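> Here's a structure for you.
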Amino acid sequence: MSGNQSLCATFTFAAFSSLAELQSVLFVVFLVIYLFTVGGNLIIISLICVTPSLHTPMYFFLANLSFLEMCYISSVVPQMLVHLLVETKTISVGGCAAQMYVFAILGLTECCLLAAMAYDRLTAICYPLHYTLLLGPHVCLKLAAASWTTGVVVESAQVTCIFSLPFCGTGKIQHFFGDIIPVVKLACVGTSHIEIVMFAVSVLFIMTPCLLILCSYLQILVTIVRIPSATGRRKAFSTCSSHILVVSLFYGTALFTYLQPKTSHTPETDKATALMYTVVTPALNPVIYTLRNKEVKEAFQKVTQRNPL
């Protein structure tokens with residue numbers, strides 16, 4: 001480190017500085033999306049808890065996913081809303097580390113949880129007679145616990161490595177939250193070893209669940225094609241459609257962000273893709289799982305009939 005460099009005690013977010021005249025509009029838009037996301041996921045969790053017919057492996061994993069999405073969007077959006085209202089958009093290095101721990105752990109946990117949900121669909125469609133045996137309550141709990149444990153252990157280690165680096169210079173992050181890649185760019189030492197770790201984590205712990213999901217749906221597709229009736233094929237596919245949409249949204253943005261070459265990253269593309277997986281995807285999940293799910297809609301109607309409030 002050269003003598004005229006000093007270590008950063010705080011980071012400053014560039015956020016949406018190029019849209020200064022639209023800060024108030026963006027605040028209202030993101031606030032509405034945030035409240036809708038939290039409210040929608042709370043409704044899904046509540047419905048699953050109070051409706052006995054939804055006490056199945058599929059909805060157990062959906063409740064986990066809804067809780068995760070609430071935490072995920074809450075790790076980013078509230079701070080972003082505050083920064084849309086203030087002139088100085090700063091965060092301490094410790095605060096940035098805490099934020100990165102939370103969203104990184106939740107992001108990897110979601111990868112694993114989506115793979116567990118794909119296994120649930122695989123078992124329900126390909127092995128219906130053994131469904132309750134292969135996915136009993138203890139198995140579901142173990143799959144959920146394994147997903148959360150993997151996220152906590154792997155991402156805690158990765159984020160700890162990142163914040164063992166010294167950060168110097170202006171401390172300006174070209175982003176609206178402390179995402180991994182923009183923060184690593186602020187290090188004033190070589191980061192090649194960290195980048196290798198990041199790439200290895202992305203390949204092993206993002207691509208492996210993705211491959212498991214693809215293999216599961218390949219087998220599901222083969223099974224659906226063999227169903228003799230068109231009605232049976234539609235019914236089988238309809239049970240997977242919501243999960244397929246969520247997987248496509250989540251993995252599409254995650255793979256684009258974390259597996260593209262370093263030279264391809266620009267502040268604009270990073271912000272756009274980050275908005276997709278931190279704001280848009282969590283907001284769409286309640287819509288996907290309610291509008292496209294007959295059982296959830298029926299449960300919602302029964303609950304509202306019994307208690308209009």
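Residue numbers start at 1 in each chain; chains themselves are named A, B, ... in the order of the structure tokens; ligands are numbered from 1 in the order shown.
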Using only C-alpha atoms, determine which residues lie at most 8 Å from region 267-271 of chain A, disregarding the query and same-chain residues fewer than 3 positions distant; provide the list as a list of chain:residue names.
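In the requested format, the answer is A:Gln174, A:His175, A:Phe176, A:Thr257, A:Ala274, A:Leu275.
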> Filtering to all heavy atoms, could you give me those residues as a short mmCIF file (atom, residue, chain, number, x, y, z; two decimals), in the first residue's frame?

data_model
loop_
_atom_site.label_atom_id
_atom_site.label_comp_id
_atom_site.auth_asym_id
_atom_site.auth_seq_id
_atom_site.Cartn_x
_atom_site.Cartn_y
_atom_site.Cartn_z
N GLN A 174 -20.14 1.50 -6.51
CA GLN A 174 -21.03 1.80 -7.63
C GLN A 174 -22.22 0.84 -7.62
O GLN A 174 -22.40 0.01 -8.51
CB GLN A 174 -20.25 1.68 -8.95
CG GLN A 174 -19.16 2.70 -9.13
CD GLN A 174 -19.71 4.12 -9.26
OE1 GLN A 174 -20.82 4.34 -9.74
NE2 GLN A 174 -18.92 5.09 -8.84
N HIS A 175 -23.00 0.96 -6.57
CA HIS A 175 -24.13 0.04 -6.40
C HIS A 175 -25.09 0.66 -5.38
O HIS A 175 -24.79 1.71 -4.79
CB HIS A 175 -23.63 -1.32 -5.90
CG HIS A 175 -24.39 -2.47 -6.49
ND1 HIS A 175 -25.74 -2.63 -6.33
CD2 HIS A 175 -23.97 -3.55 -7.21
CE1 HIS A 175 -26.13 -3.75 -6.94
NE2 HIS A 175 -25.07 -4.31 -7.50
N PHE A 176 -26.24 -0.01 -5.16
CA PHE A 176 -27.18 0.50 -4.16
C PHE A 176 -27.15 -0.31 -2.87
O PHE A 176 -27.88 -0.03 -1.92
CB PHE A 176 -28.62 0.56 -4.72
CG PHE A 176 -29.15 -0.76 -5.22
CD1 PHE A 176 -29.77 -1.64 -4.35
CD2 PHE A 176 -29.05 -1.10 -6.56
CE1 PHE A 176 -30.28 -2.85 -4.80
CE2 PHE A 176 -29.56 -2.31 -7.02
CZ PHE A 176 -30.17 -3.19 -6.14
N THR A 257 -25.06 -12.74 -13.18
CA THR A 257 -24.28 -11.86 -12.31
C THR A 257 -22.95 -12.47 -11.91
O THR A 257 -21.89 -11.83 -12.02
CB THR A 257 -25.08 -11.52 -11.04
OG1 THR A 257 -26.30 -10.89 -11.43
CG2 THR A 257 -24.30 -10.58 -10.12
N ALA A 274 -29.07 -6.86 -10.12
CA ALA A 274 -29.28 -6.91 -8.67
C ALA A 274 -30.71 -6.55 -8.32
O ALA A 274 -31.31 -7.14 -7.41
CB ALA A 274 -28.30 -5.98 -7.96
N LEU A 275 -31.30 -5.58 -9.01
CA LEU A 275 -32.71 -5.25 -8.78
C LEU A 275 -33.61 -6.44 -9.08
O LEU A 275 -34.62 -6.66 -8.40
CB LEU A 275 -33.13 -4.05 -9.64
CG LEU A 275 -32.76 -2.67 -9.14
CD1 LEU A 275 -33.11 -1.61 -10.17
CD2 LEU A 275 -33.48 -2.36 -7.82
#
> Hey, what's within 12 Å of Ile180 (chain A) if we count only C-alpha atoms and toss same-chain stuff fewer than 2 positions away? As a VMD selection string, please?
chain A and resid 96 to 97 99 to 104 107 155 158 to 163 173 to 178 182 to 187 194 to 195 198 to 199 202 257 to 258 270 274
> Mind checking which residues fall within 10 Å of Phe300 (chain A), counting only C-alpha atoms, ignoring those fewer than 5 positions away in the same chain, and posting them as number ranges by chain?
A: 43-44, 46-48, 51, 290, 294-295, 305
> Write out as a Markdown table the residues of region 98-168 of chain A that have any atom within 10 Å of an atom of region 226-239 of chain A, one row each with the nearest atom pair and its distance in Å to one decimal, counting only C-alpha atoms, sorted by chain and then rising number.

| residue | atom | partner | partner_atom | distance |
| --- | --- | --- | --- | --- |
| A:Arg121 | CA | A:Thr239 | CA | 7.6 |
| A:Ala124 | CA | A:Ala236 | CA | 9.1 |
| A:Ile125 | CA | A:Ala236 | CA | 6.7 |
| A:Cys126 | CA | A:Ala236 | CA | 9.9 |
> Quick one, how far is CA of Tyr251 (chain A) from CA of Thr109 (chain A)?
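About the pair CA of Tyr251 (chain A) and CA of Thr109 (chain A): they are 12.9 Å apart.
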> Please, which residues of region 55-270 of chain A, numbered as in this document, come out helix (DSSP H, G or I) from DSSP, as a VMD selection string?
chain A and resid 57 to 74 77 to 85 93 to 126 128 to 134 137 to 162 180 to 184 192 to 226 230 to 258 262 to 264 267 to 270
> Between CA of Ile45 (chain A) and CA of Val287 (chain A), what distance in Å does the model show, to one decimal?
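CA of Ile45 (chain A) sits 13.6 Å away from CA of Val287 (chain A).
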> Considering only C-alpha atoms, return as a ChimeraX atom specification whatever protein or nucleic-acid residues lie within 9 Å of region 76-81 of chain A, sequence-local ones (same chain, fewer than 4 positions apart) excluded.
/A:15,26-28,30-31,34,72,85,89,99,103,176-178,278-279
> Looking only at strand (DSSP E or B) from DSSP on the backbone, list the matching residues of region 11-159 of chain A as a VMD selection string.
chain A and resid 11 to 13 90 to 92
> Using only C-alpha atoms, pick whichever of A:Pro209, A:Gly190, A:Gly171, A:Gly136 has the shortest atom-to-atom distance to Ser92 (chain A).
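Distance minimum relative to Ser92 (chain A) lands on A:Gly171.
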> Which polymer residues have any atom within 9 Å of an atom of Leu212 (chain A), counting only C-alpha atoms, with same-chain residues fewer than 5 positions away left out, as a VMD selection string?
chain A and resid 115 118 to 119 207 217
> Take the residues from that selection and write them out as a PDB file, in the first residue's frame, keeping C-alpha atoms.

ATOM      1  CA  ALA A 115     -33.191 -27.993  -5.478  1.00  0.00           C
ATOM      2  CA  ALA A 118     -37.382 -29.907  -7.414  1.00  0.00           C
ATOM      3  CA  TYR A 119     -36.771 -33.229  -5.628  1.00  0.00           C
ATOM      4  CA  MET A 207     -24.279 -24.721 -10.398  1.00  0.00           C
ATOM      5  CA  TYR A 217     -36.982 -31.916 -14.488  1.00  0.00           C
TER       6      TYR A 217
END
> Quick check, in Å to one decimal: how far apart do CA of Asn64 (chain A) and CA of Ile224 (chain A) lie?
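Taking CA of Asn64 (chain A) as the start and CA of Ile224 (chain A) as the end point, the length is 27.2 Å.
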